[in-house]
Amino acid sequence: MVSASQLLTQLKTHFGYDEFLPLQQEVITSVLAKKDTLVLMPTGGGKSLCYQLTSLCMDGITLVVSPLIALMKDQVDALKANGIAAAFINSTLSPAAIAQVQTQAKQDRLKLLYLAPERLALSGFRDFLRTLNVSLIAVDEAHCISEWGHEFRPDYANLKILRRDFPAVPVIALTATATETVRQDIVLQLGLRQSQTFLSSFNRPNLAYLMRPKSAAFNALSALLQNPQNRPAIIYCFSRKSTEALAADLSAQGLKALPYHAGLDLAVRNQTQEKFIRDEIPIIVATIAFGMGIDKPDVRLVVHYDLPKSLESYYQETGRAGRDGLPSQCLLFYSYGDKIKQDFFIDRMENATEQQTARQKLAQMIDFCELHTCRRRFLLEYFGEEWKQENCGNCDVCLTPKEEFDATEITQKILSAVIRTGERFGMSHVGGVLRGAQTERIHSLGHDQLTVYGIARDTTEPELKQIAGLLLARGLLAKTGQQYPTLAVTQAGRAFLRGKEKLTLAKPVASAPASVPATGDDSAYDQALFEQLRLLRKQLADASGVPPFVVFGDVTLRQMATYFPLSPETLARISGVGAIKLEQFGPEFLSCIRSYAAEHGLQEQPIPARRRDRIRTTPRTGSTLEETKSLFLQKLPISQIASRRGLAESTIVGHLERLVMAGEPLDLSDLMPPPERLAKIEEAFKTTGELALVPVLALLGEEFTFQELHMVRMYLHQHNPEPARPN
Ligand code: ADP
Ligand code: ZN
């Protein structure tokens, strides 16, 4: 048996990584125990390593079946760059080249052999396989075997024969498709025995999900793309024509962009894809035809310039960003007009069931766009995964600081109206009743006679919708039905109506947030050095005819540009630098770092032991007050504390206030308003004679902010602790 520490040593030696990603070690241990194993992980979850490392711990050869012929060469190149003996056999090779690989395999000179599934139909080829000492069979993209999956490949039926030919060899099946039916079908079709299944979370913490209204979209997009940190980028458009137009417009701005769609010559498409993979073109403007054969790990931005047709498409397409785990953005430009465009196509569908499904999927996509609650949560719950965190800290909703307000009364009104109307309507109708609308339907149902009719006239319709959305998220309301959803009040909602508790909610905003918050800006690394290292990587890659990421990934280059390793020993400690790459590329990278460091007077920085090379989402350790306090003590401005923590500024101010009231001697002087304003506010507090803020603000007028008042209230407490207690 291989011990855990031996596995870690192998991981560092062959792949250069210090730690396993979630579930990798468990999967490897299961396969090494010769169990059939099913692995369900999102894109970027690190599936390949699960069989690649395992194969190194076994005698004999691992067969890897993959449908993506275009990717085989890159994968094999990547393994070879790490000094691992690997080869592939598919239709792109000449018969002579195939014969050569077969000889290598027979002589036991290969650890991994990649195969296209159709090979297995050839009996001569199977005879060849039977001469090998096969230790493991890996089935990549395993959902292709299921007719329930969206990419069913009849070729995959051949895998059953493989299983029969090697009854004692364990099988590892891997996929990023996790629906229950597909999962069960994989087990059935591959004949997996007493298999172990590993299902990881499908959350992609490094991806920021951002939404913007689609106005002045082109300017926003080109501004975003000017920043090299947002490239490479993929921009998805609805039509072929628009990909070409947008690519041309971007090019006119000096941005190198190429279009990609199924109407272009195959040769042109391949060339474009190749240029993108090899970092020659940083921007692709594509229809959804682009992506299947793309394994580029460092895509920093995926834009949906037009509305995707379903959340499945959205998740899959955005999933192509940030496979390497570095912060990356997914931006969707939303306009309701796009929905209408898509309706046009749906209306013309001939099959009624398909039409119905398409409508539903589109409706859910629209719900997602119009959310005022966490987008990540909605997405994961859509795919059946429970998500508990209130603030993901990495979607536009969670990143937009929200003002809070006392929502007790409006909540009571909404819940009552849902109950009074019989829990049979959606929010448009209930909202109409609350606002005292004069519609035909309200009259005919007699809802204008209800006591709740017109009790929320001063709340706008969008506001009511947003609040209802928040109540759904809080579990006070529940929604049933897909096409015409109706609202009902939950147990918790009823308890709320009976109880005396207060409820605070985020204040509704007038429209979707208009700006993209800055995210993932980890400018902690030296960007100029990073760019130099990228150039060097490109040269070395071209010299060996491989894509740049085969040399080193962005994670590795960023670490180099953070710690400035100056000796082979320290370079070896950088994530992604294994023994072979150290030998092969180490000298060049070291000399580049050394001369840059000398020129800029930089010292080598200590590399923390076993540093995680993935960017984690905000760790939720310690109490929330402690976290705010520690950031405050680092002298960060409130706005930054808020965005770091994914909380509203008002919440942070609230934290500070609680800390001050609890007697923390925080130094607030930097946050105080200028003396003359301070004096006015102090005066107003004295005049009203109380500590409530609303009367003070009423007295002072609109040019003062709540935040200032909070600060002064804290100040008054610190300088005059006795009477100051906020209510
Ligand atoms: P998947 O096939 O699940 O989409 P990959 O196998 O392509 O994922 O891995 C995604 C990225 O994560 C790759 O860039 C890979 O090099 C990197 N990776 C895999 N395992 C580790 C690890 N243990 N530590 C750091 N990075 C890893
Ligand atoms: Zn969120």
# chains A, B, ... in the order shown; residues from 1 in each chain; ligands from 1
>>> residues_around(residues="Thr54 (chain A)", least_positions_apart="2", cutoff="9 Å", atoms="only C-alpha atoms", output="list in words")
Leu7, Ile28, Thr29, Val31, Leu32, Leu49, Cys50, Tyr51, Gln52, Leu56, Cys57, Met58, Thr62 and Leu136 of chain A
>>> closest_atom_pairs(of="chain A", to="ligand 1", cutoff="10 Å", atoms="only C-alpha atoms and all ligand atoms", output="tab-separated table")
residue	atom	partner	partner_atom_place_in_ligand_line	distance
A:Leu8	CA	ligand 1	23 (N)	9.3
A:Leu11	CA	ligand 1	23 (N)	7.3
A:Lys12	CA	ligand 1	23 (N)	9.0
A:Phe15	CA	ligand 1	16 (O)	7.9
A:Gly16	CA	ligand 1	24 (N)	8.1
A:Tyr17	CA	ligand 1	24 (N)	4.9
A:Asp18	CA	ligand 1	24 (N)	6.6
A:Glu19	CA	ligand 1	23 (N)	5.2
A:Phe20	CA	ligand 1	23 (N)	3.7
A:Leu21	CA	ligand 1	23 (N)	4.6
A:Pro22	CA	ligand 1	23 (N)	8.2
A:Leu23	CA	ligand 1	23 (N)	9.7
A:Gln24	CA	ligand 1	23 (N)	7.3
A:Gln25	CA	ligand 1	23 (N)	8.8
A:Val39	CA	ligand 1	3 (O)	9.5
A:Leu40	CA	ligand 1	3 (O)	8.7
A:Met41	CA	ligand 1	3 (O)	6.0
A:Pro42	CA	ligand 1	3 (O)	5.9
A:Thr43	CA	ligand 1	4 (O)	3.5
A:Gly44	CA	ligand 1	4 (O)	3.5
A:Gly45	CA	ligand 1	3 (O)	3.9
A:Gly46	CA	ligand 1	9 (O)	3.5
A:Lys47	CA	ligand 1	3 (O)	3.8
A:Ser48	CA	ligand 1	6 (O)	3.9
A:Leu49	CA	ligand 1	20 (N)	5.6
A:Cys50	CA	ligand 1	6 (O)	7.9
A:Tyr51	CA	ligand 1	6 (O)	9.6
A:Gln52	CA	ligand 1	6 (O)	9.3
A:Leu53	CA	ligand 1	20 (N)	9.7
A:Gln75	CA	ligand 1	7 (O)	9.0
A:Ala78	CA	ligand 1	16 (O)	9.1
A:Asp140	CA	ligand 1	2 (O)	8.5
A:Glu141	CA	ligand 1	2 (O)	9.0
A:Leu174	CA	ligand 1	3 (O)	8.4
A:Thr175	CA	ligand 1	3 (O)	7.9
A:Ala176	CA	ligand 1	3 (O)	7.2
A:Asp295	CA	ligand 1	7 (O)	6.9
A:Lys296	CA	ligand 1	14 (O)	8.4
A:Pro297	CA	ligand 1	14 (O)	5.4
A:Asp298	CA	ligand 1	14 (O)	7.9
A:Gly319	CA	ligand 1	4 (O)	9.0
A:Arg320	CA	ligand 1	4 (O)	8.8
A:Gly322	CA	ligand 1	11 (C)	8.5
A:Arg323	CA	ligand 1	10 (C)	5.1
A:Asp324	CA	ligand 1	14 (O)	4.2
A:Gly325	CA	ligand 1	12 (O)	6.6
A:Leu326	CA	ligand 1	14 (O)	9.6
A:Phe549	CA	ligand 1	14 (O)	8.2
A:Val550	CA	ligand 1	16 (O)	9.1
A:Phe552	CA	ligand 1	16 (O)	9.1
A:Gly553	CA	ligand 1	14 (O)	6.6
A:Asp554	CA	ligand 1	14 (O)	8.7
A:Val555	CA	ligand 1	26 (N)	8.3
A:Thr556	CA	ligand 1	26 (N)	9.6
A:Ser575	CA	ligand 1	25 (C)	7.1
A:Gly576	CA	ligand 1	25 (C)	7.1
A:Arg612	CA	ligand 1	24 (N)	7.9
A:Asp613	CA	ligand 1	25 (C)	6.0
A:Arg614	CA	ligand 1	25 (C)	6.8
>>> write_last_selection(atoms="C-alpha atoms", output="PDB file, in the first residue's frame")
ATOM      1  CA  LEU A   8       2.480  13.644  -1.421  1.00  0.00           C
ATOM      2  CA  LEU A  11       2.655  14.671  -6.190  1.00  0.00           C
ATOM      3  CA  LYS A  12       5.487  17.120  -5.641  1.00  0.00           C
ATOM      4  CA  PHE A  15       3.542  17.451 -10.756  1.00  0.00           C
ATOM      5  CA  GLY A  16       5.155  20.012  -8.510  1.00  0.00           C
ATOM      6  CA  TYR A  17       2.110  20.430  -6.255  1.00  0.00           C
ATOM      7  CA  ASP A  18       2.248  20.523  -2.491  1.00  0.00           C
ATOM      8  CA  GLU A  19      -1.280  19.532  -1.678  1.00  0.00           C
ATOM      9  CA  PHE A  20      -4.136  17.584  -3.108  1.00  0.00           C
ATOM     10  CA  LEU A  21      -7.256  19.324  -4.251  1.00  0.00           C
ATOM     11  CA  PRO A  22     -10.449  18.201  -2.542  1.00  0.00           C
ATOM     12  CA  LEU A  23     -11.152  14.485  -3.020  1.00  0.00           C
ATOM     13  CA  GLN A  24      -8.107  13.763  -5.167  1.00  0.00           C
ATOM     14  CA  GLN A  25      -6.379  11.791  -2.461  1.00  0.00           C
ATOM     15  CA  VAL A  39     -15.503  10.759  -9.941  1.00  0.00           C
ATOM     16  CA  LEU A  40     -17.859  13.718 -10.311  1.00  0.00           C
ATOM     17  CA  MET A  41     -16.035  17.006 -10.172  1.00  0.00           C
ATOM     18  CA  PRO A  42     -16.588  20.355 -11.851  1.00  0.00           C
ATOM     19  CA  THR A  43     -14.322  21.575 -14.603  1.00  0.00           C
ATOM     20  CA  GLY A  44     -11.057  22.593 -13.042  1.00  0.00           C
ATOM     21  CA  GLY A  45     -11.584  20.196 -10.152  1.00  0.00           C
ATOM     22  CA  GLY A  46      -8.409  18.327 -11.023  1.00  0.00           C
ATOM     23  CA  LYS A  47      -9.832  15.122 -12.428  1.00  0.00           C
ATOM     24  CA  SER A  48      -6.894  14.162 -14.656  1.00  0.00           C
ATOM     25  CA  LEU A  49      -4.486  13.977 -11.776  1.00  0.00           C
ATOM     26  CA  CYS A  50      -6.713  11.344 -10.164  1.00  0.00           C
ATOM     27  CA  TYR A  51      -5.693   8.710 -12.695  1.00  0.00           C
ATOM     28  CA  GLN A  52      -2.364  10.187 -13.729  1.00  0.00           C
ATOM     29  CA  LEU A  53      -0.831  10.028 -10.289  1.00  0.00           C
ATOM     30  CA  GLN A  75      -2.434  16.257 -22.338  1.00  0.00           C
ATOM     31  CA  ALA A  78       1.867  18.073 -20.449  1.00  0.00           C
ATOM     32  CA  ASP A 140     -12.703  10.490 -19.238  1.00  0.00           C
ATOM     33  CA  GLU A 141     -15.899  12.429 -20.052  1.00  0.00           C
ATOM     34  CA  LEU A 174     -14.686  10.772 -14.577  1.00  0.00           C
ATOM     35  CA  THR A 175     -17.156  13.448 -15.550  1.00  0.00           C
ATOM     36  CA  ALA A 176     -18.232  16.999 -14.828  1.00  0.00           C
ATOM     37  CA  ASP A 295      -8.686  22.910 -22.198  1.00  0.00           C
ATOM     38  CA  LYS A 296      -6.961  26.228 -21.706  1.00  0.00           C
ATOM     39  CA  PRO A 297      -6.485  26.589 -17.980  1.00  0.00           C
ATOM     40  CA  ASP A 298      -5.893  30.334 -17.779  1.00  0.00           C
ATOM     41  CA  GLY A 319     -16.989  27.015 -16.431  1.00  0.00           C
ATOM     42  CA  ARG A 320     -14.295  27.489 -19.044  1.00  0.00           C
ATOM     43  CA  GLY A 322     -10.248  29.863 -14.393  1.00  0.00           C
ATOM     44  CA  ARG A 323      -9.645  26.131 -14.566  1.00  0.00           C
ATOM     45  CA  ASP A 324      -6.316  26.795 -12.880  1.00  0.00           C
ATOM     46  CA  GLY A 325      -8.124  28.066  -9.800  1.00  0.00           C
ATOM     47  CA  LEU A 326      -7.033  31.690 -10.135  1.00  0.00           C
ATOM     48  CA  PHE A 549       0.560  26.206 -20.138  1.00  0.00           C
ATOM     49  CA  VAL A 550       2.441  22.960 -20.632  1.00  0.00           C
ATOM     50  CA  PHE A 552       4.175  26.352 -16.449  1.00  0.00           C
ATOM     51  CA  GLY A 553       0.694  27.494 -15.455  1.00  0.00           C
ATOM     52  CA  ASP A 554      -0.217  31.025 -14.375  1.00  0.00           C
ATOM     53  CA  VAL A 555      -0.319  29.911 -10.740  1.00  0.00           C
ATOM     54  CA  THR A 556       3.343  29.002 -10.970  1.00  0.00           C
ATOM     55  CA  SER A 575       3.772  25.168  -6.856  1.00  0.00           C
ATOM     56  CA  GLY A 576       3.839  23.463 -10.221  1.00  0.00           C
ATOM     57  CA  ARG A 612      -2.158  26.382  -0.937  1.00  0.00           C
ATOM     58  CA  ASP A 613      -1.865  27.404  -4.527  1.00  0.00           C
ATOM     59  CA  ARG A 614      -5.542  27.842  -4.939  1.00  0.00           C
TER      60      ARG A 614
END
>>> residues_near_ligand(ligand="ligand 2", cutoff="6 Å", atoms="only C-alpha atoms and all ligand atoms", output="number ranges by chain")
A: 374-376, 391-395, 397-398
>>> write_last_selection(atoms="all heavy atoms", output="mmCIF file, in the first residue's frame")
data_model
loop_
_atom_site.group_PDB
_atom_site.id
_atom_site.type_symbol
_atom_site.label_atom_id
_atom_site.label_comp_id
_atom_site.auth_asym_id
_atom_site.auth_seq_id
_atom_site.Cartn_x
_atom_site.Cartn_y
_atom_site.Cartn_z
ATOM 1 N N CYS A 374 -27.960 36.104 -3.805
ATOM 2 C CA CYS A 374 -26.701 35.524 -4.296
ATOM 3 C C CYS A 374 -26.884 34.665 -5.553
ATOM 4 O O CYS A 374 -27.656 33.732 -5.585
ATOM 5 C CB CYS A 374 -26.078 34.686 -3.190
ATOM 6 S SG CYS A 374 -24.559 33.891 -3.704
ATOM 7 N N ARG A 375 -26.122 34.993 -6.585
ATOM 8 C CA ARG A 375 -26.248 34.240 -7.837
ATOM 9 C C ARG A 375 -25.644 32.849 -7.717
ATOM 10 O O ARG A 375 -26.127 31.895 -8.305
ATOM 11 C CB ARG A 375 -25.560 34.981 -8.969
ATOM 12 C CG ARG A 375 -26.158 36.337 -9.200
ATOM 13 C CD ARG A 375 -25.853 36.905 -10.547
ATOM 14 N NE ARG A 375 -26.052 38.340 -10.541
ATOM 15 C CZ ARG A 375 -27.229 38.939 -10.750
ATOM 16 N NH1 ARG A 375 -28.301 38.232 -11.011
ATOM 17 N NH2 ARG A 375 -27.327 40.243 -10.680
ATOM 18 N N ARG A 376 -24.553 32.738 -6.980
ATOM 19 C CA ARG A 376 -23.920 31.438 -6.810
ATOM 20 C C ARG A 376 -24.891 30.461 -6.158
ATOM 21 O O ARG A 376 -25.030 29.317 -6.570
ATOM 22 C CB ARG A 376 -22.688 31.619 -5.913
ATOM 23 C CG ARG A 376 -21.807 30.412 -5.749
ATOM 24 C CD ARG A 376 -20.591 30.789 -4.914
ATOM 25 N NE ARG A 376 -19.943 31.968 -5.463
ATOM 26 C CZ ARG A 376 -19.067 31.909 -6.464
ATOM 27 N NH1 ARG A 376 -18.709 30.774 -6.964
ATOM 28 N NH2 ARG A 376 -18.548 33.025 -6.935
ATOM 29 N N ASN A 391 -23.492 34.989 2.167
ATOM 30 C CA ASN A 391 -22.822 35.892 1.246
ATOM 31 C C ASN A 391 -21.626 35.184 0.626
ATOM 32 O O ASN A 391 -20.692 34.812 1.315
ATOM 33 C CB ASN A 391 -22.355 37.129 2.026
ATOM 34 C CG ASN A 391 -21.845 38.212 1.097
ATOM 35 O OD1 ASN A 391 -21.021 37.962 0.228
ATOM 36 N ND2 ASN A 391 -22.341 39.413 1.276
ATOM 37 N N CYS A 392 -21.673 34.979 -0.688
ATOM 38 C CA CYS A 392 -20.594 34.212 -1.322
ATOM 39 C C CYS A 392 -19.357 35.078 -1.519
ATOM 40 O O CYS A 392 -18.275 34.574 -1.760
ATOM 41 C CB CYS A 392 -21.047 33.608 -2.649
ATOM 42 S SG CYS A 392 -21.013 34.767 -4.039
ATOM 43 N N GLY A 393 -19.545 36.395 -1.459
ATOM 44 C CA GLY A 393 -18.405 37.295 -1.587
ATOM 45 C C GLY A 393 -17.841 37.372 -2.995
ATOM 46 O O GLY A 393 -16.822 38.011 -3.217
ATOM 47 N N ASN A 394 -18.482 36.731 -3.946
ATOM 48 C CA ASN A 394 -17.914 36.733 -5.285
ATOM 49 C C ASN A 394 -18.961 36.696 -6.400
ATOM 50 O O ASN A 394 -18.746 36.094 -7.438
ATOM 51 C CB ASN A 394 -16.921 35.571 -5.428
ATOM 52 C CG ASN A 394 -15.827 35.852 -6.438
ATOM 53 O OD1 ASN A 394 -15.667 36.987 -6.884
ATOM 54 N ND2 ASN A 394 -15.095 34.833 -6.814
ATOM 55 N N CYS A 395 -20.106 37.318 -6.158
ATOM 56 C CA CYS A 395 -21.035 37.585 -7.258
ATOM 57 C C CYS A 395 -21.443 39.049 -7.120
ATOM 58 O O CYS A 395 -21.257 39.640 -6.061
ATOM 59 C CB CYS A 395 -22.250 36.653 -7.221
ATOM 60 S SG CYS A 395 -23.475 37.041 -5.964
ATOM 61 N N VAL A 397 -24.161 40.550 -6.733
ATOM 62 C CA VAL A 397 -25.120 40.857 -5.678
ATOM 63 C C VAL A 397 -24.422 40.897 -4.323
ATOM 64 O O VAL A 397 -24.566 41.845 -3.554
ATOM 65 C CB VAL A 397 -26.272 39.835 -5.654
ATOM 66 C CG1 VAL A 397 -27.229 40.144 -4.525
ATOM 67 C CG2 VAL A 397 -26.993 39.819 -6.984
ATOM 68 N N CYS A 398 -23.634 39.871 -4.051
ATOM 69 C CA CYS A 398 -22.955 39.821 -2.753
ATOM 70 C C CYS A 398 -21.857 40.877 -2.648
ATOM 71 O O CYS A 398 -21.499 41.301 -1.558
ATOM 72 C CB CYS A 398 -22.366 38.442 -2.518
ATOM 73 S SG CYS A 398 -23.604 37.163 -2.309
#
>>> residues_around(residues="region 628-635 of chain A", least_positions_apart="3", cutoff="10 Å", atoms="only C-alpha atoms", output="list of chain:residue names")
A:Ser623, A:Thr624, A:Leu625, A:Ile638, A:Gln640, A:Ile641, A:Ala642, A:Arg644, A:Arg645, A:Thr651, A:Ile652, A:Val653, A:His655, A:Leu656, A:Leu659, A:Glu664, A:Leu666, A:Asp667, A:Leu668, A:Asp670
>>> select_by_dssp(residues="region 29-173 of chain A", states="alpha helix (DSSP H)", output="CSV table (one decimal) with C-alpha atoms, in the first residue's frame")
chain,number,residue,atom,x,y,z
A,29,THR,CA,-6.6,5.7,-2.5
A,30,SER,CA,-9.8,4.1,-3.7
A,31,VAL,CA,-8.4,3.2,-7.1
A,32,LEU,CA,-5.2,1.9,-5.6
A,47,LYS,CA,-9.8,15.1,-12.4
A,48,SER,CA,-6.9,14.2,-14.7
A,49,LEU,CA,-4.5,14.0,-11.8
A,50,CYS,CA,-6.7,11.3,-10.2
A,51,TYR,CA,-5.7,8.7,-12.7
A,52,GLN,CA,-2.4,10.2,-13.7
A,53,LEU,CA,-0.8,10.0,-10.3
A,54,THR,CA,-2.5,6.7,-9.6
A,55,SER,CA,-0.9,5.2,-12.7
A,56,LEU,CA,2.5,6.2,-11.4
A,69,ILE,CA,-9.1,13.9,-29.8
A,70,ALA,CA,-8.0,17.5,-30.1
A,71,LEU,CA,-7.0,17.5,-26.4
A,72,MET,CA,-5.0,14.3,-26.3
A,73,LYS,CA,-1.9,15.7,-27.7
A,74,ASP,CA,-1.8,18.6,-25.2
A,75,GLN,CA,-2.4,16.3,-22.3
A,76,VAL,CA,0.3,13.9,-23.4
A,77,ASP,CA,2.7,16.9,-23.9
A,78,ALA,CA,1.9,18.1,-20.4
A,79,LEU,CA,2.6,14.7,-19.0
A,80,LYS,CA,5.9,14.4,-20.9
A,81,ALA,CA,6.9,17.8,-19.7
A,95,PRO,CA,0.0,4.1,-39.3
A,96,ALA,CA,3.7,4.2,-38.8
A,97,ALA,CA,3.4,6.5,-35.8
A,98,ILE,CA,0.7,4.2,-34.4
A,99,ALA,CA,3.0,1.2,-34.8
A,100,GLN,CA,5.7,3.0,-33.0
A,101,VAL,CA,3.5,3.8,-30.0
A,102,GLN,CA,2.3,0.2,-30.0
A,103,THR,CA,5.9,-1.0,-29.8
A,104,GLN,CA,6.7,1.3,-26.9
A,105,ALA,CA,3.6,0.1,-25.1
A,106,LYS,CA,4.6,-3.6,-25.6
A,123,SER,CA,-10.5,-6.5,-33.1
A,124,GLY,CA,-6.9,-6.2,-34.1
A,125,PHE,CA,-6.4,-3.3,-31.8
A,126,ARG,CA,-8.0,-5.2,-29.0
A,127,ASP,CA,-5.6,-8.1,-29.6
A,128,PHE,CA,-2.8,-5.6,-29.2
A,129,LEU,CA,-4.3,-4.3,-25.9
A,130,ARG,CA,-4.5,-7.7,-24.5
A,159,LEU,CA,-16.1,0.4,-23.5
A,160,LYS,CA,-18.2,-2.6,-22.5
A,161,ILE,CA,-15.9,-4.8,-24.5
A,162,LEU,CA,-12.9,-3.3,-22.8
A,163,ARG,CA,-14.4,-4.2,-19.5
A,164,ARG,CA,-15.0,-7.7,-20.6
A,165,ASP,CA,-11.4,-8.1,-22.0
>>> closest_residue(among="A:Thr373, A:Ser200, A:Gln360, A:Ser66", to="Tyr156 (chain A)", atoms="only C-alpha atoms")
A:Ser66
>>> select_by_dssp(residues="region 117-208 of chain A", states="strand (DSSP E)", output="PyMOL selection string")
chain A and resi 134-139+171-175+196-199+207-208
>>> write_last_selection(atoms="C-alpha atoms", output="PDB file, in the first residue's frame")
ATOM      1  CA  VAL A 134      -2.917  -3.076 -18.095  1.00  0.00           C
ATOM      2  CA  SER A 135      -3.192  -1.824 -14.524  1.00  0.00           C
ATOM      3  CA  LEU A 136      -5.992   0.735 -14.808  1.00  0.00           C
ATOM      4  CA  ILE A 137      -8.669   1.862 -17.237  1.00  0.00           C
ATOM      5  CA  ALA A 138      -9.644   5.525 -17.045  1.00  0.00           C
ATOM      6  CA  VAL A 139     -12.774   6.739 -18.823  1.00  0.00           C
ATOM      7  CA  VAL A 171     -12.017   1.284 -13.858  1.00  0.00           C
ATOM      8  CA  ILE A 172     -12.053   4.959 -12.967  1.00  0.00           C
ATOM      9  CA  ALA A 173     -14.776   6.985 -14.691  1.00  0.00           C
ATOM     10  CA  LEU A 174     -14.686  10.772 -14.577  1.00  0.00           C
ATOM     11  CA  THR A 175     -17.156  13.448 -15.550  1.00  0.00           C
ATOM     12  CA  GLN A 196     -17.125   4.075  -4.928  1.00  0.00           C
ATOM     13  CA  THR A 197     -18.537   7.401  -5.993  1.00  0.00           C
ATOM     14  CA  PHE A 198     -16.861  10.696  -5.199  1.00  0.00           C
ATOM     15  CA  LEU A 199     -18.974  13.757  -5.708  1.00  0.00           C
ATOM     16  CA  LEU A 207     -15.222  32.462 -10.509  1.00  0.00           C
ATOM     17  CA  ALA A 208     -16.948  35.782  -9.981  1.00  0.00           C
TER      18      ALA A 208
END
>>> residues_around(residues="Leu566 (chain A)", least_positions_apart="5", cutoff="8 Å", atoms="only C-alpha atoms", output="list in words")
Leu571, Leu590, Ile593, Arg594 and Glu604 of chain A
>>> write_last_selection(atoms="C-alpha atoms", output="PDB file, in the first residue's frame")
ATOM      1  CA  LEU A 571      12.357  27.588  -7.142  1.00  0.00           C
ATOM      2  CA  LEU A 590      15.948  31.661 -12.600  1.00  0.00           C
ATOM      3  CA  ILE A 593      14.000  36.349 -12.092  1.00  0.00           C
ATOM      4  CA  ARG A 594      17.571  37.093 -10.989  1.00  0.00           C
ATOM      5  CA  GLU A 604      13.845  36.600  -2.301  1.00  0.00           C
TER       6      GLU A 604
END
>>> closest_residue(among="A:Ala541, A:Leu224, A:Leu132, A:Leu93", to="Leu63 (chain A)", atoms="only C-alpha atoms")
A:Leu132
>>> closest_residue(among="A:Pro232, A:Pro401, A:Pro282, A:Pro548", to="Ser251 (chain A)", atoms="only C-alpha atoms")
A:Pro282
>>> closest_residue(among="A:Gln718, A:Val712, A:Leu250, A:Ala684", to="Leu700 (chain A)", atoms="only C-alpha atoms")
A:Ala684
>>> closest_residue(among="A:Val418, A:Ala437, A:Val577, A:Ile467", to="Ala488 (chain A)", atoms="only C-alpha atoms")
A:Val418
>>> atom_distance(atom1="CA of His717 (chain A)", atom2="CA of Ala662 (chain A)")
10.6 Å
>>> closest_residue(among="A:Leu307, A:Leu188, A:Leu497, A:Leu445", to="Ile419 (chain A)", atoms="only C-alpha atoms")
A:Leu497
>>> atom_distance(atom1="CA of His710 (chain A)", atom2="CA of Leu505 (chain A)")
18.9 Å
>>> atom_distance(atom1="CA of Val2 (chain A)", atom2="CA of Lys581 (chain A)")
24.4 Å
>>> residues_around(residues="Gln527 (chain A)", least_positions_apart="5", cutoff="12 Å", atoms="only C-alpha atoms", output="ChimeraX atom specification")
/A:227-229,521-522,532-534,554,557-562,596
